[in-house]
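**Student:** Dropping the structure in here first, questions after.
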Amino acid sequence: MTERKPIESWLTDMDGVLMHEGIPVPGADAFIKKLRDAGRPFLVLTNNSIYTARDLHVRLSRIGLEVPVENIWTSALATAKFLDTQHPGGTAYVIGEAGLTTALHDAGYVLSDQDPDFVILGETRTYSFEALTKAIRLINDGARFIATNPDNTGPSPQGALPATGSVAALITKATGKDPYFIGKPNPLMMRTALNTIGAHSESSAMIGDRMDTDVLAGLEAGMETFLVLTGLTGKADLDRYPFRPTSVVDSIADLVDRI
């Protein structure tokens, strides 16, 4: 087996790795501090498209995790980057929050419900019947269907919440059209992240708490992968998957010395 190059750049998921239900995971602050002190290129990734990078910077700062805005990469930013390269200066009907609409505006997109080039579905806590009906009709009329991420559920203190993947399935059932999902596990999310920090997959690592998104995305992008057991995937779940992470560790605290 070919020996991998030393890890020079790090990508890490946010929820379940650095924090859990708004509380920092022990060791997360030391991990981020060591990355910054060592000058290592890194990004904190999230499939959640609700918040802007600036919003997330503030939210992380409030719990003691100092992550600069430029070190945060969301599925909304990846979606805007993708559309800017595929169809620059286009129009879109958007179901989502400020994280998505701001990213699209910054990429030069015009948001419109009049014959848009794309219907873009993102995360929101206020999905409306009217908005979904509009999206379905626009897709039936020829708009191309994009979704920020395929997650079927999201976490909350009260339990699981329906997320983008579940709502996308509703639209697909009504239109017969599948969306193109941008976020993890699409390796496109990882490659745009790596390009953002000038990193190469052969010398980069991905840390995540989910086998089906984080580890799979890192694996398909050609990166070293670390599964932490502070989130959704437990040791008992590993045998359900036909692939493996490079390493399994208890938490991100176990990776501080790898930097």
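Within each chain, counting starts at residue 1; across the structure tokens, chains are named A, B, ... in the order shown, with ligands numbered 1 upward in that order.
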At a cut-off of 12 Å, using only C-alpha atoms, what residues contact Ala103 of chain A? Leave out same-chain residues fewer than 4 positions from it and give the result as an MDAnalysis selection string.
**Tutor:** chainID A and resid 49:54 73:84 94 96:99 107:111 122 148
**Student:** Per DSSP on the backbone, what are the alpha helix (DSSP H) residues of segment 16-225 of chain A, as a PyMOL selection string?
**Tutor:** chain A and resi 28-38+53-62+75-86+98-106+129-140+164-175+187-196+216-220
**Student:** Write out, as a PDB file, in the first residue's frame, the residues just selected, with C-alpha atoms.
**Tutor:**
ATOM      1  CA  ALA A  28     -11.747  21.555  19.893  1.00  0.00           C
ATOM      2  CA  ASP A  29     -10.305  24.873  21.098  1.00  0.00           C
ATOM      3  CA  ALA A  30      -6.815  23.355  21.392  1.00  0.00           C
ATOM      4  CA  PHE A  31      -7.112  21.861  17.901  1.00  0.00           C
ATOM      5  CA  ILE A  32      -8.110  25.158  16.281  1.00  0.00           C
ATOM      6  CA  LYS A  33      -5.462  27.092  18.225  1.00  0.00           C
ATOM      7  CA  LYS A  34      -2.715  24.704  17.171  1.00  0.00           C
ATOM      8  CA  LEU A  35      -3.778  24.923  13.518  1.00  0.00           C
ATOM      9  CA  ARG A  36      -3.603  28.698  13.661  1.00  0.00           C
ATOM     10  CA  ASP A  37      -0.344  28.830  15.628  1.00  0.00           C
ATOM     11  CA  ALA A  38       1.273  26.390  13.185  1.00  0.00           C
ATOM     12  CA  ALA A  53     -19.578  32.444   7.276  1.00  0.00           C
ATOM     13  CA  ARG A  54     -19.641  35.642   9.353  1.00  0.00           C
ATOM     14  CA  ASP A  55     -22.648  34.369  11.333  1.00  0.00           C
ATOM     15  CA  LEU A  56     -20.847  31.098  12.054  1.00  0.00           C
ATOM     16  CA  HIS A  57     -17.659  32.916  13.032  1.00  0.00           C
ATOM     17  CA  VAL A  58     -19.619  34.812  15.695  1.00  0.00           C
ATOM     18  CA  ARG A  59     -21.483  31.705  16.893  1.00  0.00           C
ATOM     19  CA  LEU A  60     -18.223  29.772  17.250  1.00  0.00           C
ATOM     20  CA  SER A  61     -16.505  32.684  18.989  1.00  0.00           C
ATOM     21  CA  ARG A  62     -19.252  32.776  21.611  1.00  0.00           C
ATOM     22  CA  SER A  75     -22.680  24.281   1.301  1.00  0.00           C
ATOM     23  CA  ALA A  76     -24.162  27.678   0.399  1.00  0.00           C
ATOM     24  CA  LEU A  77     -20.720  29.023  -0.548  1.00  0.00           C
ATOM     25  CA  ALA A  78     -19.960  25.849  -2.495  1.00  0.00           C
ATOM     26  CA  THR A  79     -23.297  26.151  -4.318  1.00  0.00           C
ATOM     27  CA  ALA A  80     -22.635  29.773  -5.282  1.00  0.00           C
ATOM     28  CA  LYS A  81     -19.120  28.866  -6.445  1.00  0.00           C
ATOM     29  CA  PHE A  82     -20.472  26.000  -8.553  1.00  0.00           C
ATOM     30  CA  LEU A  83     -23.141  28.143 -10.211  1.00  0.00           C
ATOM     31  CA  ASP A  84     -20.658  30.955 -10.885  1.00  0.00           C
ATOM     32  CA  THR A  85     -18.432  28.541 -12.807  1.00  0.00           C
ATOM     33  CA  GLN A  86     -21.262  26.693 -14.573  1.00  0.00           C
ATOM     34  CA  ALA A  98     -29.394  34.449   4.469  1.00  0.00           C
ATOM     35  CA  GLY A  99     -26.424  32.101   4.189  1.00  0.00           C
ATOM     36  CA  LEU A 100     -27.615  30.980   0.756  1.00  0.00           C
ATOM     37  CA  THR A 101     -29.072  34.216  -0.583  1.00  0.00           C
ATOM     38  CA  THR A 102     -26.004  36.230   0.477  1.00  0.00           C
ATOM     39  CA  ALA A 103     -23.627  33.757  -1.185  1.00  0.00           C
ATOM     40  CA  LEU A 104     -25.629  33.889  -4.418  1.00  0.00           C
ATOM     41  CA  HIS A 105     -25.798  37.700  -4.405  1.00  0.00           C
ATOM     42  CA  ASP A 106     -22.043  37.846  -3.863  1.00  0.00           C
ATOM     43  CA  PHE A 129     -46.399  25.331   1.090  1.00  0.00           C
ATOM     44  CA  GLU A 130     -46.584  28.365  -1.205  1.00  0.00           C
ATOM     45  CA  ALA A 131     -42.817  28.427  -1.782  1.00  0.00           C
ATOM     46  CA  LEU A 132     -42.658  24.690  -2.460  1.00  0.00           C
ATOM     47  CA  THR A 133     -45.573  24.940  -4.884  1.00  0.00           C
ATOM     48  CA  LYS A 134     -43.810  27.771  -6.725  1.00  0.00           C
ATOM     49  CA  ALA A 135     -40.588  25.726  -6.898  1.00  0.00           C
ATOM     50  CA  ILE A 136     -42.440  22.709  -8.295  1.00  0.00           C
ATOM     51  CA  ARG A 137     -44.132  24.776 -11.006  1.00  0.00           C
ATOM     52  CA  LEU A 138     -40.890  26.513 -12.006  1.00  0.00           C
ATOM     53  CA  ILE A 139     -39.077  23.168 -12.289  1.00  0.00           C
ATOM     54  CA  ASN A 140     -41.948  21.792 -14.373  1.00  0.00           C
ATOM     55  CA  THR A 164     -32.943  19.700   2.721  1.00  0.00           C
ATOM     56  CA  GLY A 165     -32.812  16.111   1.480  1.00  0.00           C
ATOM     57  CA  SER A 166     -36.294  15.341   2.776  1.00  0.00           C
ATOM     58  CA  VAL A 167     -37.800  18.454   1.207  1.00  0.00           C
ATOM     59  CA  ALA A 168     -35.947  17.781  -2.042  1.00  0.00           C
ATOM     60  CA  ALA A 169     -37.561  14.328  -2.114  1.00  0.00           C
ATOM     61  CA  LEU A 170     -40.981  15.961  -1.899  1.00  0.00           C
ATOM     62  CA  ILE A 171     -40.179  18.218  -4.878  1.00  0.00           C
ATOM     63  CA  THR A 172     -38.724  15.276  -6.827  1.00  0.00           C
ATOM     64  CA  LYS A 173     -41.884  13.249  -6.211  1.00  0.00           C
ATOM     65  CA  ALA A 174     -43.999  16.117  -7.553  1.00  0.00           C
ATOM     66  CA  THR A 175     -41.827  16.916 -10.594  1.00  0.00           C
ATOM     67  CA  PRO A 187     -16.549  15.473  -3.631  1.00  0.00           C
ATOM     68  CA  LEU A 188     -17.198  18.778  -5.399  1.00  0.00           C
ATOM     69  CA  MET A 189     -17.718  20.320  -1.936  1.00  0.00           C
ATOM     70  CA  MET A 190     -14.317  19.018  -0.863  1.00  0.00           C
ATOM     71  CA  ARG A 191     -12.479  20.019  -4.018  1.00  0.00           C
ATOM     72  CA  THR A 192     -13.792  23.578  -3.940  1.00  0.00           C
ATOM     73  CA  ALA A 193     -12.822  23.728  -0.263  1.00  0.00           C
ATOM     74  CA  LEU A 194      -9.306  22.494  -1.022  1.00  0.00           C
ATOM     75  CA  ASN A 195      -8.983  24.983  -3.875  1.00  0.00           C
ATOM     76  CA  THR A 196     -10.060  27.785  -1.555  1.00  0.00           C
ATOM     77  CA  LEU A 216     -17.393   9.327   2.201  1.00  0.00           C
ATOM     78  CA  ALA A 217     -16.727  12.834   0.851  1.00  0.00           C
ATOM     79  CA  GLY A 218     -13.134  12.795   2.083  1.00  0.00           C
ATOM     80  CA  LEU A 219     -12.577   9.300   0.717  1.00  0.00           C
ATOM     81  CA  GLU A 220     -13.944  10.155  -2.733  1.00  0.00           C
TER      82      GLU A 220
END
**Student:** If we count only C-alpha atoms, what is near Thr12 of chain A at a cut-off of 12 Å, once residues fewer than 4 positions away on the same chain are taken out, given as a PyMOL selection string?
**Tutor:** chain A and resi 16-19+28+31-32+35+41-47+67+71-74+184+190+193-194+204-210+213-215+217-218+223-228+252+255
**Student:** Create the file for the chosen residues now, containing N, CA and C atoms and written as a CSV table (one decimal), in the first residue's frame.
**Tutor:**
chain,number,residue,atom,x,y,z
A,16,GLY,N,-20.9,18.0,15.7
A,16,GLY,CA,-20.5,16.7,16.1
A,16,GLY,C,-19.0,16.5,16.1
A,17,VAL,N,-18.2,17.4,15.7
A,17,VAL,CA,-16.7,17.3,15.7
A,17,VAL,C,-16.2,18.4,16.6
A,18,LEU,N,-16.5,19.7,16.3
A,18,LEU,CA,-16.0,20.8,17.1
A,18,LEU,C,-17.0,21.2,18.2
A,19,MET,N,-18.3,20.9,17.9
A,19,MET,CA,-19.3,21.3,18.9
A,19,MET,C,-20.5,20.3,18.8
A,28,ALA,N,-11.5,20.8,21.1
A,28,ALA,CA,-11.7,21.6,19.9
A,28,ALA,C,-11.0,22.9,19.9
A,31,PHE,N,-7.4,22.3,19.3
A,31,PHE,CA,-7.1,21.9,17.9
A,31,PHE,C,-7.1,23.1,17.0
A,32,ILE,N,-8.1,24.0,17.1
A,32,ILE,CA,-8.1,25.2,16.3
A,32,ILE,C,-6.9,26.1,16.6
A,35,LEU,N,-3.8,24.7,15.0
A,35,LEU,CA,-3.8,24.9,13.5
A,35,LEU,C,-3.3,26.3,13.2
A,41,PRO,N,-3.0,25.5,6.7
A,41,PRO,CA,-4.2,25.8,6.0
A,41,PRO,C,-5.4,24.9,6.5
A,42,PHE,N,-6.5,25.5,6.8
A,42,PHE,CA,-7.6,24.6,7.3
A,42,PHE,C,-9.0,25.3,7.0
A,43,LEU,N,-10.0,24.5,6.9
A,43,LEU,CA,-11.4,25.0,6.8
A,43,LEU,C,-12.3,24.2,7.7
A,44,VAL,N,-13.3,24.9,8.3
A,44,VAL,CA,-14.4,24.3,9.0
A,44,VAL,C,-15.5,24.2,8.0
A,45,LEU,N,-16.0,23.0,7.8
A,45,LEU,CA,-17.1,22.8,6.8
A,45,LEU,C,-18.4,22.5,7.5
A,46,THR,N,-19.5,22.9,6.8
A,46,THR,CA,-20.8,22.5,7.2
A,46,THR,C,-21.7,22.4,6.0
A,47,ASN,N,-22.6,21.4,6.0
A,47,ASN,CA,-23.6,21.3,5.0
A,47,ASN,C,-24.8,22.2,5.2
A,67,VAL,N,-12.5,30.8,15.0
A,67,VAL,CA,-12.3,30.4,13.6
A,67,VAL,C,-12.5,31.7,12.7
A,71,ASN,N,-11.9,31.0,7.1
A,71,ASN,CA,-11.7,29.5,7.4
A,71,ASN,C,-13.0,28.7,7.5
A,72,ILE,N,-14.1,29.3,7.1
A,72,ILE,CA,-15.4,28.6,7.2
A,72,ILE,C,-15.9,28.4,5.8
A,73,TRP,N,-16.3,27.2,5.5
A,73,TRP,CA,-16.8,26.9,4.1
A,73,TRP,C,-18.2,26.1,4.3
A,74,THR,N,-19.2,26.7,3.7
A,74,THR,CA,-20.6,26.1,3.8
A,74,THR,C,-21.1,25.6,2.5
A,184,LYS,N,-21.6,17.8,1.0
A,184,LYS,CA,-21.1,16.5,1.3
A,184,LYS,C,-22.3,15.4,1.2
A,190,MET,N,-15.7,19.1,-1.4
A,190,MET,CA,-14.3,19.0,-0.9
A,190,MET,C,-13.3,19.7,-1.8
A,193,ALA,N,-13.4,23.3,-1.5
A,193,ALA,CA,-12.8,23.7,-0.3
A,193,ALA,C,-11.3,23.7,-0.3
A,194,LEU,N,-10.8,22.6,-0.9
A,194,LEU,CA,-9.3,22.5,-1.0
A,194,LEU,C,-8.7,23.6,-1.9
A,204,SER,N,-3.9,16.2,2.5
A,204,SER,CA,-4.9,16.8,3.3
A,204,SER,C,-5.8,15.7,4.0
A,205,ALA,N,-6.4,16.1,5.1
A,205,ALA,CA,-7.2,15.2,5.9
A,205,ALA,C,-8.6,15.8,6.1
A,206,MET,N,-9.6,14.9,6.2
A,206,MET,CA,-11.0,15.3,6.5
A,206,MET,C,-11.4,14.7,7.8
A,207,ILE,N,-11.9,15.5,8.8
A,207,ILE,CA,-12.4,15.0,10.1
A,207,ILE,C,-13.9,15.1,10.1
A,208,GLY,N,-14.6,14.0,10.4
A,208,GLY,CA,-16.0,14.1,10.5
A,208,GLY,C,-16.6,13.1,11.5
A,209,ASP,N,-17.9,13.3,11.8
A,209,ASP,CA,-18.6,12.4,12.7
A,209,ASP,C,-19.6,11.5,12.0
A,210,ARG,N,-19.7,11.6,10.6
A,210,ARG,CA,-20.7,10.9,9.9
A,210,ARG,C,-20.0,10.1,8.8
A,213,THR,N,-21.5,11.0,5.0
A,213,THR,CA,-21.3,12.3,4.4
A,213,THR,C,-19.8,12.7,4.5
A,214,ASP,N,-19.3,12.9,5.8
A,214,ASP,CA,-17.9,13.4,6.0
A,214,ASP,C,-16.9,12.4,5.5
A,215,VAL,N,-16.9,11.2,6.0
A,215,VAL,CA,-15.9,10.2,5.6
A,215,VAL,C,-16.0,9.9,4.1
A,217,ALA,N,-17.2,11.7,1.7
A,217,ALA,CA,-16.7,12.8,0.9
A,217,ALA,C,-15.2,12.9,0.8
A,218,GLY,N,-14.6,12.8,2.0
A,218,GLY,CA,-13.1,12.8,2.1
A,218,GLY,C,-12.5,11.7,1.3
A,223,MET,N,-8.7,12.0,0.1
A,223,MET,CA,-8.0,12.6,1.3
A,223,MET,C,-7.9,11.5,2.4
A,224,GLU,N,-7.0,11.7,3.4
A,224,GLU,CA,-7.0,10.9,4.6
A,224,GLU,C,-8.2,11.3,5.4
A,225,THR,N,-8.9,10.3,6.0
A,225,THR,CA,-10.1,10.5,6.7
A,225,THR,C,-10.0,10.1,8.2
A,226,PHE,N,-10.6,10.9,9.1
A,226,PHE,CA,-10.7,10.6,10.5
A,226,PHE,C,-12.1,10.6,10.9
A,227,LEU,N,-12.6,9.6,11.5
A,227,LEU,CA,-14.0,9.5,12.1
A,227,LEU,C,-13.8,9.8,13.6
A,228,VAL,N,-14.5,10.8,14.1
A,228,VAL,CA,-14.6,11.0,15.6
A,228,VAL,C,-15.9,10.4,16.1
A,252,ILE,N,-11.8,14.9,18.7
A,252,ILE,CA,-10.8,15.7,18.0
A,252,ILE,C,-9.6,16.0,18.9
A,255,LEU,N,-6.5,14.3,18.0
A,255,LEU,CA,-5.8,14.7,16.8
A,255,LEU,C,-4.9,15.9,16.9
**Student:** In Å, rounded to a single decimal, give me how far atom CA of Gly89 of chain A is from atom CA of Ala147 of chain A.
**Tutor:**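 Those two atoms sit 18.4 Å apart.
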**Student:** Among segment 172-235 of chain A, which residues carry a DSSP assignment of strand (DSSP E or B), reported as a list in words?
**Tutor:**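 Selection result, strand (DSSP E or B) within segment 172-235 of chain A: Tyr180, Phe181, Ser204, Ala205, Met206, Ile207, Gly208, Glu224, Thr225, Phe226, Leu227 and Val228 of chain A.
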**Student:** Any idea what the distance is between atom CA of His20 of chain A and atom CA of Gly231 of chain A?
**Tutor:**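 Atom CA of His20 of chain A sits 7.3 Å away from atom CA of Gly231 of chain A.
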**Student:** Between atom CA of Pro179 of chain A and atom CA of Gln158 of chain A, what is the spacing in Å?
**Tutor:**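 Computing it gives 28.9 Å between the two atoms.
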**Student:** Go through A:Arg4, A:Lys235, A:Arg125, A:His200 one by one, measure the shortest atom-to-atom distance of each to Thr153 of chain A using only C-alpha atoms, and give the residue with the smallest value.
**Tutor:**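 That would be A:Arg125, the residue with the smallest distance to Thr153 of chain A.
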